[in-house]
>>> print(open('my_file.cif').read())   # mmCIF, C-alpha atoms
data_entry
loop_
_atom_site.label_atom_id
_atom_site.label_comp_id
_atom_site.auth_asym_id
_atom_site.auth_seq_id
_atom_site.Cartn_x
_atom_site.Cartn_y
_atom_site.Cartn_z
CA MET A 19 -23.71 -121.64 -122.42
CA LYS A 20 -25.94 -122.03 -125.48
CA THR A 21 -29.03 -121.98 -123.26
CA ALA A 22 -27.75 -118.85 -121.51
CA LYS A 23 -27.21 -117.10 -124.85
CA ILE A 24 -30.72 -117.99 -126.04
CA TYR A 25 -32.08 -116.82 -122.69
CA ILE A 26 -30.40 -113.40 -122.90
CA ILE A 27 -31.24 -112.92 -126.60
CA ALA A 28 -34.91 -113.67 -125.80
CA LEU A 29 -34.88 -111.09 -122.99
CA LEU A 30 -33.27 -108.44 -125.18
CA PHE A 31 -35.79 -109.21 -127.92
CA ILE A 32 -38.71 -108.74 -125.51
CA MET A 33 -37.19 -105.49 -124.24
CA SER A 34 -36.73 -104.11 -127.74
CA ALA A 35 -40.33 -105.04 -128.60
CA CYS A 36 -41.54 -103.27 -125.44
CA GLY A 37 -39.62 -100.11 -126.25
CA LYS A 38 -41.92 -99.46 -129.18
CA SER A 39 -45.02 -98.78 -127.11
CA GLU A 40 -45.59 -95.06 -127.09
CA VAL A 41 -48.53 -92.69 -126.73
CA GLU A 42 -48.29 -89.51 -128.75
CA ASP A 43 -49.05 -86.13 -127.22
CA LEU A 44 -52.66 -85.07 -127.16
CA PRO A 45 -53.48 -82.68 -130.03
CA ILE A 46 -55.75 -79.73 -129.25
CA ASN A 47 -59.47 -79.96 -129.72
CA ASN A 48 -60.39 -76.44 -130.78
CA LEU A 49 -63.82 -76.78 -129.21
CA GLU A 50 -62.19 -76.44 -125.80
CA ALA A 51 -63.21 -73.17 -124.09
CA GLU A 52 -59.89 -71.44 -124.61
CA TYR A 53 -59.73 -72.18 -128.33
CA ILE A 54 -63.38 -71.96 -129.32
CA ASN A 55 -63.05 -68.50 -130.86
CA SER A 56 -60.49 -69.77 -133.29
CA VAL A 57 -63.20 -71.68 -135.18
CA PHE A 58 -65.93 -69.02 -135.43
CA ARG A 59 -65.61 -65.75 -137.30
CA ILE A 60 -68.28 -63.12 -138.01
CA LYS A 61 -67.56 -61.86 -141.49
CA SER A 62 -70.10 -59.06 -141.90
CA VAL A 63 -73.39 -57.62 -140.75
CA THR A 64 -75.46 -55.99 -143.49
CA THR A 65 -78.60 -54.03 -142.88
CA LEU A 66 -81.23 -54.55 -145.54
CA SER A 67 -84.67 -52.85 -145.72
CA SER A 68 -86.11 -54.57 -142.67
CA TYR A 69 -83.61 -57.31 -142.05
CA ASN A 70 -80.08 -57.75 -140.98
CA ARG A 71 -77.93 -60.21 -142.78
CA LEU A 72 -75.16 -61.67 -140.69
CA GLU A 73 -72.49 -63.66 -142.49
CA PHE A 74 -70.19 -65.88 -140.49
CA GLU A 75 -67.59 -68.54 -141.04
CA ILE A 76 -66.70 -71.80 -139.32
CA LYS A 77 -63.26 -73.24 -139.84
CA LYS A 78 -64.29 -76.87 -140.28
CA ASN A 79 -60.74 -78.01 -140.81
CA ASN A 80 -59.86 -76.82 -137.33
CA ILE A 81 -62.58 -78.93 -135.74
CA SER A 82 -61.48 -82.53 -135.22
CA SER A 83 -65.01 -83.57 -134.26
CA TRP A 84 -66.76 -81.96 -137.24
CA ASN A 85 -68.34 -85.31 -138.17
CA GLU A 86 -70.01 -85.37 -134.76
CA VAL A 87 -71.59 -81.94 -135.29
CA GLU A 88 -75.23 -82.01 -136.26
CA ARG A 89 -76.21 -78.32 -136.34
CA ILE A 90 -74.90 -74.82 -135.83
CA ILE A 91 -76.91 -72.75 -133.40
CA LEU A 92 -76.97 -69.00 -133.55
CA LYS A 93 -78.45 -67.29 -130.52
CA ARG A 94 -79.64 -63.74 -131.05
CA SER A 95 -79.91 -60.86 -128.57
CA MET A 96 -83.64 -60.54 -129.01
CA GLY A 97 -84.15 -64.05 -127.73
CA ALA A 98 -84.80 -66.11 -130.82
CA GLN A 99 -82.27 -68.65 -132.00
CA SER A 100 -81.61 -70.25 -135.36
CA LEU A 101 -80.61 -73.84 -136.14
CA ILE A 102 -78.42 -73.80 -139.21
CA ASN A 103 -77.51 -76.80 -141.33
CA LYS A 104 -73.80 -77.40 -140.99
CA ASP A 105 -73.49 -78.22 -144.70
CA SER A 106 -75.09 -74.99 -145.93
CA LEU A 107 -73.10 -73.40 -148.71
CA GLY A 108 -73.30 -69.87 -147.30
CA LEU A 109 -73.36 -69.57 -143.57
CA ASN A 110 -75.53 -66.58 -142.90
CA ASP A 111 -78.51 -65.55 -140.82
CA LEU A 112 -81.32 -63.24 -141.81
CA ALA A 113 -83.21 -61.68 -138.92
CA SER A 114 -84.93 -58.47 -137.93
CA TYR A 115 -83.15 -56.90 -135.00
CA PRO A 116 -84.54 -53.84 -133.20
CA SER A 117 -82.50 -50.69 -133.61
CA GLY A 118 -79.69 -50.25 -131.18
CA PRO A 119 -77.09 -52.55 -129.75
CA ALA A 120 -77.42 -56.26 -130.63
CA TRP A 121 -75.34 -59.41 -130.25
CA VAL A 122 -75.10 -62.99 -131.40
CA VAL A 123 -73.50 -66.12 -129.96
CA LEU A 124 -72.61 -69.26 -131.92
CA TYR A 125 -72.72 -72.85 -130.70
CA LEU A 126 -72.31 -76.28 -132.20
CA ARG A 127 -74.65 -79.13 -131.32
CA ASP A 128 -73.86 -82.83 -131.62
CA TYR A 129 -76.18 -85.70 -132.46
CA ASP A 130 -76.86 -86.26 -128.75
CA LEU A 131 -78.14 -82.66 -128.62
CA LYS A 132 -75.25 -81.62 -126.42
CA LEU A 133 -73.95 -78.11 -126.94
CA SER A 134 -70.40 -76.98 -127.40
CA THR A 135 -68.82 -74.11 -125.53
CA PRO A 136 -70.35 -70.86 -126.88
CA SER A 137 -68.25 -68.48 -128.90
CA ASP A 138 -67.52 -65.04 -127.52
CA THR A 139 -70.48 -62.70 -127.85
CA PHE A 140 -70.29 -60.68 -131.03
CA HIS A 141 -71.71 -57.18 -130.52
CA PHE A 142 -72.94 -54.88 -133.27
CA ILE A 143 -75.19 -51.82 -133.65
CA VAL A 144 -78.35 -51.94 -135.72
CA PRO A 145 -79.10 -48.52 -137.26
CA MET B 3 -28.26 -208.89 -117.73
CA LYS B 4 -25.59 -206.29 -117.59
CA LYS B 5 -27.15 -204.49 -120.56
CA GLN B 6 -30.56 -204.51 -118.91
CA PHE B 7 -29.09 -203.15 -115.70
CA LEU B 8 -27.37 -200.32 -117.59
CA THR B 9 -30.61 -199.49 -119.39
CA VAL B 10 -32.50 -199.25 -116.08
CA ILE B 11 -29.77 -196.99 -114.64
CA CYS B 12 -29.97 -194.75 -117.75
CA ILE B 13 -33.77 -194.52 -117.50
CA ILE B 14 -33.54 -193.63 -113.80
CA PHE B 15 -30.88 -190.99 -114.54
CA ILE B 16 -32.87 -189.45 -117.43
CA SER B 17 -36.10 -189.36 -115.45
CA PHE B 18 -34.22 -187.87 -112.51
CA SER B 19 -32.62 -185.23 -114.77
CA TYR B 20 -35.83 -184.27 -116.58
CA GLY B 21 -38.05 -184.76 -113.65
CA GLN B 22 -36.22 -182.07 -111.56
CA ASN B 23 -38.83 -179.61 -110.17
CA LYS B 24 -38.66 -176.13 -111.71
CA GLY B 25 -40.23 -172.77 -111.04
CA TYR B 26 -39.99 -169.28 -112.50
CA LEU B 27 -38.51 -166.05 -111.22
CA VAL B 28 -39.35 -162.60 -112.54
CA ALA B 29 -37.29 -159.78 -111.06
CA TYR B 30 -38.43 -156.15 -111.18
CA PRO B 31 -35.48 -154.08 -110.08
CA LYS B 32 -35.25 -150.34 -109.88
CA PRO B 33 -33.16 -149.19 -111.72
CA LYS B 34 -34.29 -151.36 -114.59
CA ASP B 35 -30.77 -152.09 -115.83
CA ALA B 36 -29.52 -153.53 -112.54
CA ILE B 37 -27.32 -156.62 -112.74
CA ILE B 38 -29.04 -159.52 -110.99
CA ARG B 39 -27.61 -162.80 -109.97
CA LEU B 40 -29.35 -165.69 -108.31
CA ASP B 41 -26.43 -167.41 -106.60
CA THR B 42 -24.22 -167.52 -109.71
CA THR B 43 -26.94 -167.48 -112.38
CA LYS B 44 -27.52 -164.20 -114.18
CA ILE B 45 -31.15 -163.13 -114.24
CA ILE B 46 -32.52 -160.84 -116.93
CA PRO B 47 -34.80 -158.21 -115.36
CA TYR B 48 -38.48 -158.22 -116.29
CA LYS B 49 -38.23 -161.63 -117.94
CA ALA B 50 -39.31 -164.98 -116.52
CA SER B 51 -36.30 -167.22 -115.83
CA GLN B 52 -36.79 -170.93 -115.30
CA ILE B 53 -35.01 -172.00 -112.12
CA ASP B 54 -34.74 -175.22 -110.19
CA THR B 55 -36.81 -175.19 -107.07
CA GLY B 56 -35.07 -174.29 -103.86
CA GLN B 57 -33.71 -171.43 -101.81
CA TYR B 58 -31.38 -168.91 -103.44
CA ILE B 59 -29.56 -165.75 -102.59
CA LEU B 60 -30.54 -162.95 -104.95
CA LYS B 61 -27.99 -160.18 -105.44
CA ALA B 62 -28.59 -157.05 -107.44
CA TRP B 63 -26.36 -154.17 -108.14
CA ALA B 64 -25.96 -151.23 -110.51
CA PRO B 65 -23.36 -148.49 -110.75
CA THR B 66 -23.93 -145.77 -108.11
CA TYR B 67 -26.14 -148.17 -106.07
CA ASN B 68 -25.55 -150.36 -103.02
CA LEU B 69 -25.55 -154.12 -103.38
CA PHE B 70 -29.00 -155.55 -102.70
CA ILE B 71 -29.23 -159.01 -101.16
CA ASP B 72 -32.39 -161.03 -100.61
CA THR B 73 -33.38 -164.66 -100.12
CA ILE B 74 -35.68 -166.11 -102.73
CA SER B 75 -37.62 -169.37 -102.65
CA ILE B 76 -38.54 -170.97 -105.96
CA SER B 77 -41.48 -173.37 -105.78
CA ASN B 78 -42.42 -176.03 -108.28
CA ASN B 79 -44.31 -174.62 -111.31
CA GLN B 80 -44.82 -171.36 -109.48
CA TYR B 81 -43.92 -167.84 -110.55
CA THR B 82 -41.99 -165.88 -107.95
CA HIS B 83 -42.10 -162.14 -108.47
CA SER B 84 -39.38 -160.12 -106.81
CA LYS B 85 -39.75 -156.36 -106.84
CA PHE B 86 -37.03 -154.33 -105.21
CA LYS B 87 -35.39 -150.94 -105.25
CA LEU B 88 -31.67 -150.35 -104.94
CA ARG B 89 -30.42 -147.52 -102.73
CA HIS B 90 -27.77 -145.10 -103.89
CA THR B 91 -24.39 -145.35 -102.19
CA ASN B 92 -23.47 -142.64 -99.67
CA ASN B 93 -20.58 -141.75 -101.93
CA TYR B 94 -22.96 -141.07 -104.81
CA LEU B 95 -25.41 -139.16 -102.61
CA LYS B 96 -22.53 -136.92 -101.47
CA TYR B 97 -21.54 -136.42 -105.10
CA ARG B 98 -25.13 -135.47 -106.01
CA ALA B 99 -25.25 -132.97 -103.14
CA ALA B 100 -21.93 -131.48 -104.30
CA VAL B 101 -23.24 -131.16 -107.87
CA ARG B 102 -26.40 -129.48 -106.58
CA LYS B 103 -24.28 -127.04 -104.59
CA GLN B 104 -22.09 -126.45 -107.62
CA LYS B 105 -25.14 -125.57 -109.74
CA ARG B 106 -26.95 -123.61 -107.02
CA GLY B 107 -25.84 -120.29 -108.56
CA PHE B 108 -27.49 -121.20 -111.87
CA ARG B 109 -30.72 -122.15 -110.11
CA ILE B 110 -30.86 -118.93 -108.10
CA THR B 111 -29.95 -116.84 -111.15
CA SER B 112 -32.47 -118.47 -113.43
CA GLY B 113 -35.16 -118.28 -110.73
CA ALA B 114 -34.58 -114.59 -110.09
CA THR B 115 -34.38 -113.87 -113.82
CA LEU B 116 -37.62 -115.70 -114.44
CA ILE B 117 -39.36 -113.86 -111.59
CA PHE B 118 -38.29 -110.46 -112.94
CA ALA B 119 -39.04 -111.47 -116.53
CA GLY B 120 -42.48 -112.70 -115.47
CA LEU B 121 -43.08 -109.50 -113.54
CA GLY B 122 -41.95 -107.58 -116.61
CA ILE B 123 -44.39 -109.46 -118.83
CA ALA B 124 -47.24 -108.83 -116.36
CA LEU B 125 -46.36 -105.14 -116.21
CA HIS B 126 -46.08 -105.06 -119.99
CA THR B 127 -49.64 -106.36 -120.24
CA LYS B 128 -50.81 -103.57 -117.92
CA THR B 129 -48.77 -101.02 -119.87
CA ILE B 130 -50.38 -102.07 -123.14
CA ALA B 131 -53.83 -101.88 -121.52
CA PHE B 132 -53.18 -98.30 -120.32
CA GLU B 133 -51.80 -97.42 -123.74
CA LYS B 134 -54.99 -98.68 -125.37
CA ASP B 135 -57.09 -96.76 -122.85
CA ALA B 136 -55.12 -93.58 -123.48
CA LYS B 137 -55.58 -93.95 -127.24
CA SER B 138 -59.29 -94.57 -126.78
CA TYR B 139 -59.68 -91.48 -124.55
CA LYS B 140 -57.67 -89.48 -127.05
CA ALA B 141 -60.13 -90.44 -129.78
CA SER B 142 -63.02 -89.47 -127.47
CA TYR B 143 -61.36 -86.14 -126.73
CA LEU B 144 -60.83 -85.32 -130.38
CA GLY B 145 -64.34 -86.47 -131.25
CA GLY B 146 -65.96 -84.49 -128.43
CA VAL B 147 -68.20 -81.53 -129.13
CA SER B 148 -69.60 -80.63 -125.73
CA LEU B 149 -67.26 -79.21 -123.13
CA ASN B 150 -68.21 -81.89 -120.60
CA ASP B 151 -67.32 -84.70 -123.01
CA ILE B 152 -64.08 -83.02 -124.01
CA GLU B 153 -62.96 -82.35 -120.44
CA LYS B 154 -63.90 -85.80 -119.19
CA ALA B 155 -62.05 -87.48 -122.06
CA LYS B 156 -59.06 -85.21 -121.46
CA ALA B 157 -58.93 -86.03 -117.73
CA ASP B 158 -59.29 -89.76 -118.45
CA TYR B 159 -56.58 -89.53 -121.09
CA LYS B 160 -54.20 -87.81 -118.67
CA LYS B 161 -54.80 -90.42 -115.98
CA SER B 162 -54.28 -93.29 -118.42
CA LEU B 163 -51.18 -91.59 -119.78
CA ASP B 164 -49.74 -91.20 -116.27
CA ASP B 165 -50.50 -94.85 -115.52
CA PHE B 166 -49.02 -95.86 -118.85
CA LYS B 167 -45.79 -93.97 -118.16
CA SER B 168 -45.50 -95.34 -114.60
CA TYR B 169 -46.08 -98.93 -115.66
CA ARG B 170 -43.75 -98.52 -118.63
CA THR B 171 -41.01 -97.47 -116.19
CA TYR B 172 -41.74 -100.41 -113.86
CA ARG B 173 -41.80 -102.79 -116.81
CA ASN B 174 -38.52 -101.54 -118.25
CA THR B 175 -36.92 -101.71 -114.80
CA SER B 176 -38.08 -105.31 -114.42
CA PHE B 177 -36.69 -106.31 -117.79
CA ILE B 178 -33.41 -104.52 -117.13
CA ALA B 179 -33.19 -106.28 -113.75
CA ALA B 180 -33.98 -109.63 -115.38
CA THR B 181 -31.31 -109.11 -118.03
CA GLY B 182 -28.77 -107.80 -115.51
CA ILE B 183 -29.32 -110.68 -113.12
CA GLY B 184 -29.21 -113.12 -116.04
CA ILE B 185 -25.90 -111.78 -117.34
CA ILE B 186 -24.09 -111.03 -114.06
CA GLY B 187 -25.55 -113.94 -112.09
CA GLY B 188 -24.98 -116.29 -115.01
CA TYR B 189 -21.35 -115.20 -115.31
CA LEU B 190 -20.67 -115.52 -111.57
CA SER B 191 -22.44 -118.88 -111.43
CA TYR B 192 -20.40 -120.10 -114.38
CA LYS B 193 -17.16 -118.99 -112.69
CA TYR B 194 -18.19 -120.77 -109.48
CA TYR B 195 -19.15 -123.86 -111.46
CA LYS B 196 -15.78 -123.93 -113.20
CA ASN B 197 -13.82 -123.38 -109.98
CA HIS B 198 -15.70 -125.98 -107.95
CA GLN B 199 -15.58 -129.02 -110.19
CA VAL B 200 -16.79 -132.19 -108.52
CA GLU B 201 -15.87 -135.68 -109.58
CA TYR B 202 -17.52 -138.98 -108.96
CA LYS B 203 -15.50 -142.12 -108.54
CA GLU B 204 -17.52 -145.26 -108.75
CA ASP B 205 -17.25 -147.68 -105.88
CA VAL B 206 -15.87 -151.14 -106.62
CA PRO B 207 -18.41 -153.00 -108.84
CA GLN B 208 -20.28 -155.53 -106.78
CA LEU B 209 -21.47 -157.73 -109.65
CA SER B 210 -20.11 -158.31 -113.15
CA SER B 211 -21.90 -157.91 -116.40
CA ILE B 212 -20.96 -158.16 -120.04
CA THR B 213 -23.29 -156.52 -122.53
CA PRO B 214 -22.53 -157.01 -126.22
CA SER B 215 -23.93 -154.65 -128.85
CA PHE B 216 -23.59 -154.41 -132.61
CA ASP B 217 -23.88 -151.36 -134.85
CA PRO B 218 -25.18 -152.58 -138.26
CA ILE B 219 -24.30 -149.30 -139.97
CA SER B 220 -20.63 -149.20 -139.11
CA ASN B 221 -20.41 -152.99 -138.76
CA THR B 222 -18.71 -152.64 -135.41
CA GLY B 223 -19.40 -154.51 -132.26
CA THR B 224 -19.01 -153.22 -128.71
CA LEU B 225 -18.60 -155.17 -125.54
CA THR B 226 -19.45 -153.28 -122.36
CA ALA B 227 -18.14 -155.05 -119.31
CA ILE B 228 -18.42 -154.48 -115.59
CA PHE B 229 -16.20 -156.92 -113.75
CA LEU B 230 -16.69 -158.54 -110.43
CA ILE B 231 -13.72 -157.76 -108.24
CA LYS B 232 -14.78 -159.53 -105.09
#
>>> encode(input="my_file.cif", output="structure tokens")
Amino acid sequence: MKTAKIYIIALLFIMSACGKSEVEDLPINNLEAEYINSVFRIKSVTTLSSYNRLEFEIKKNNISSWNEVERIILKRSMGAQSLINKDSLGLNDLASYPSGPAWVVLYLRDYDLKLSTPSDTFHFIVP
Amino acid sequence: MKKQFLTVICIIFISFSYGQNKGYLVAYPKPKDAIIRLDTTKIIPYKASQIDTGQYILKAWAPTYNLFIDTISISNNQYTHSKFKLRHTNNYLKYRAAVRKQKRGFRITSGATLIFAGLGIALHTKTIAFEKDAKSYKASYLGGVSLNDIEKAKADYKKSLDDFKSYRTYRNTSFIAATGIGIIGGYLSYKYYKNHQVEYKEDVPQLSSITPSFDPISNTGTLTAIFLIK
């Protein structure tokens, strides 16, 4: 009987130890296509004498892979693109856009030079 | 003259007595504690016994065994080695079979429990491996920047998670089965064991033996005796 008791206690002990294994739900990576716009925000577009100053914001705290990001890429409607340091104090872009409708798209690039999903195109009018 | 005659007779008698041819017998019985007698002389197993030369009947017996009988020849100054194995009595063999039958439930229960417990442990190992994989893919997903990396890690995570959940269910089922079989089977086997008690009655001892022993701690002596009935 003693052996049987030890036997059953050992089994119950193993079972209780096994019950602890659990995988938590997968949190959202905001760089997925459906959430990407939640991390980029165009704050303002200012027209200077011959330049346009575009200020934007990236919600770093919402990006779980921020440490993997090497650069921010801003693609402009006139074809040129800008590589912006992710640690810049003010995230803005100075460029000369032709008058009329214009747009910009934001990307992130990792150290393997792979690009994230682009943000929605932000349209604006240059006077 | 008479004195001289008596002296000669004494010398002849002494030389006859001490000049008797002797040999040695070493018996190797199985079981080792078998009682051995050479005609009426008790022989200690595994030890050389000095015996007068001649032909003897060797008998060996132990509880639960049949009487073993053999003819032994002791030659002058020669060692005779006798190695033999006693056979269990039919009565004892039947008793052993009955005991095996009585305990069969325990054997089946413990075997089935061990199989399910072993299966459970194997499935647990797989479960842990899938859990680790899922955690690794989760880290890749959260650390992904490009859409391809993110989607691949997410798909891998989901597959590992599904595998993890399936194997966790199989594992838990195996452990529950092992415990259930252990408890229910153990209880039923115990009931059967209690209700089917078997008893062994020793056959009539074939040879006698008296074995003294002394316990120096309690200063008590014990005398274990098996008596010859025949």
>>> resolve_selection(input="my_file.cif", expression="the PyMOL selection byres ((chain B and resi 60) around 7)", output="JSON, numbers by chain")
{"B": [39, 40, 41, 58, 59, 61, 62, 71, 72, 73, 74]}
>>> interface_residues(input="my_file.cif", of="chain A", to="chain B", cutoff="6 Å", atoms="only C-alpha atoms", output="PyMOL selection string")
chain A and resi 47+82-83+132-135
>>> residues_near_point(input="my_file.cif", point="(-36.5, -168.7, -107.3)", cutoff="12 Å", atoms="all atoms listed in the file", output="number ranges by chain")
B: 23-29, 39-41, 43, 45, 50-60, 72-84
>>> closest_residue(input="my_file.cif", among="A:Ile76, A:Ala113, A:Ala28, A:Val123", to="A:Lys93", atoms="only C-alpha atoms")
A:Val123
>>> atom_distance(input="my_file.cif", atom1="atom CA of A:Leu101", atom2="atom CA of A:Leu124")
10.1 Å
>>> closest_residue(input="my_file.cif", among="B:Thr42, B:Asn68, B:Ser138, B:Ser191", to="B:Leu88", atoms="all atoms listed in the file")
B:Asn68
>>> residues_around(input="my_file.cif", residues="A:Phe74", least_positions_apart="6", cutoff="9 Å", atoms="all atoms listed in the file", output="list of chain:residue names")
A:Phe58, A:Arg59, A:Ile60, A:Lys61, A:Ser62, A:Val63, A:Gly108, A:Leu109, A:Asn110, A:Asp111
>>> resolve_selection(input="my_file.cif", expression="the PyMOL selection byres ((chain A and resi 56) around 10)", output="number ranges by chain")
A: 48-49, 52-55, 57-59, 76-77, 80-81, 137
>>> axis_aligned_box(input="my_file.cif", around="stretch 129-147 of chain B", padding_each_side="8 Å", output="JSON")
{"center_x": -58.5, "center_y": -91.8, "center_z": -125.6, "size_x": 35.4, "size_y": 36.5, "size_z": 27.4}
>>> resolve_selection(input="my_file.cif", expression="the PyMOL selection byres ((chain A and resi 96) around 8)", output="number ranges by chain")
A: 94-95, 97-98, 115-116, 120
>>> atom_distance(input="my_file.cif", atom1="atom CA of A:Val122", atom2="atom CA of A:Pro136")
10.2 Å
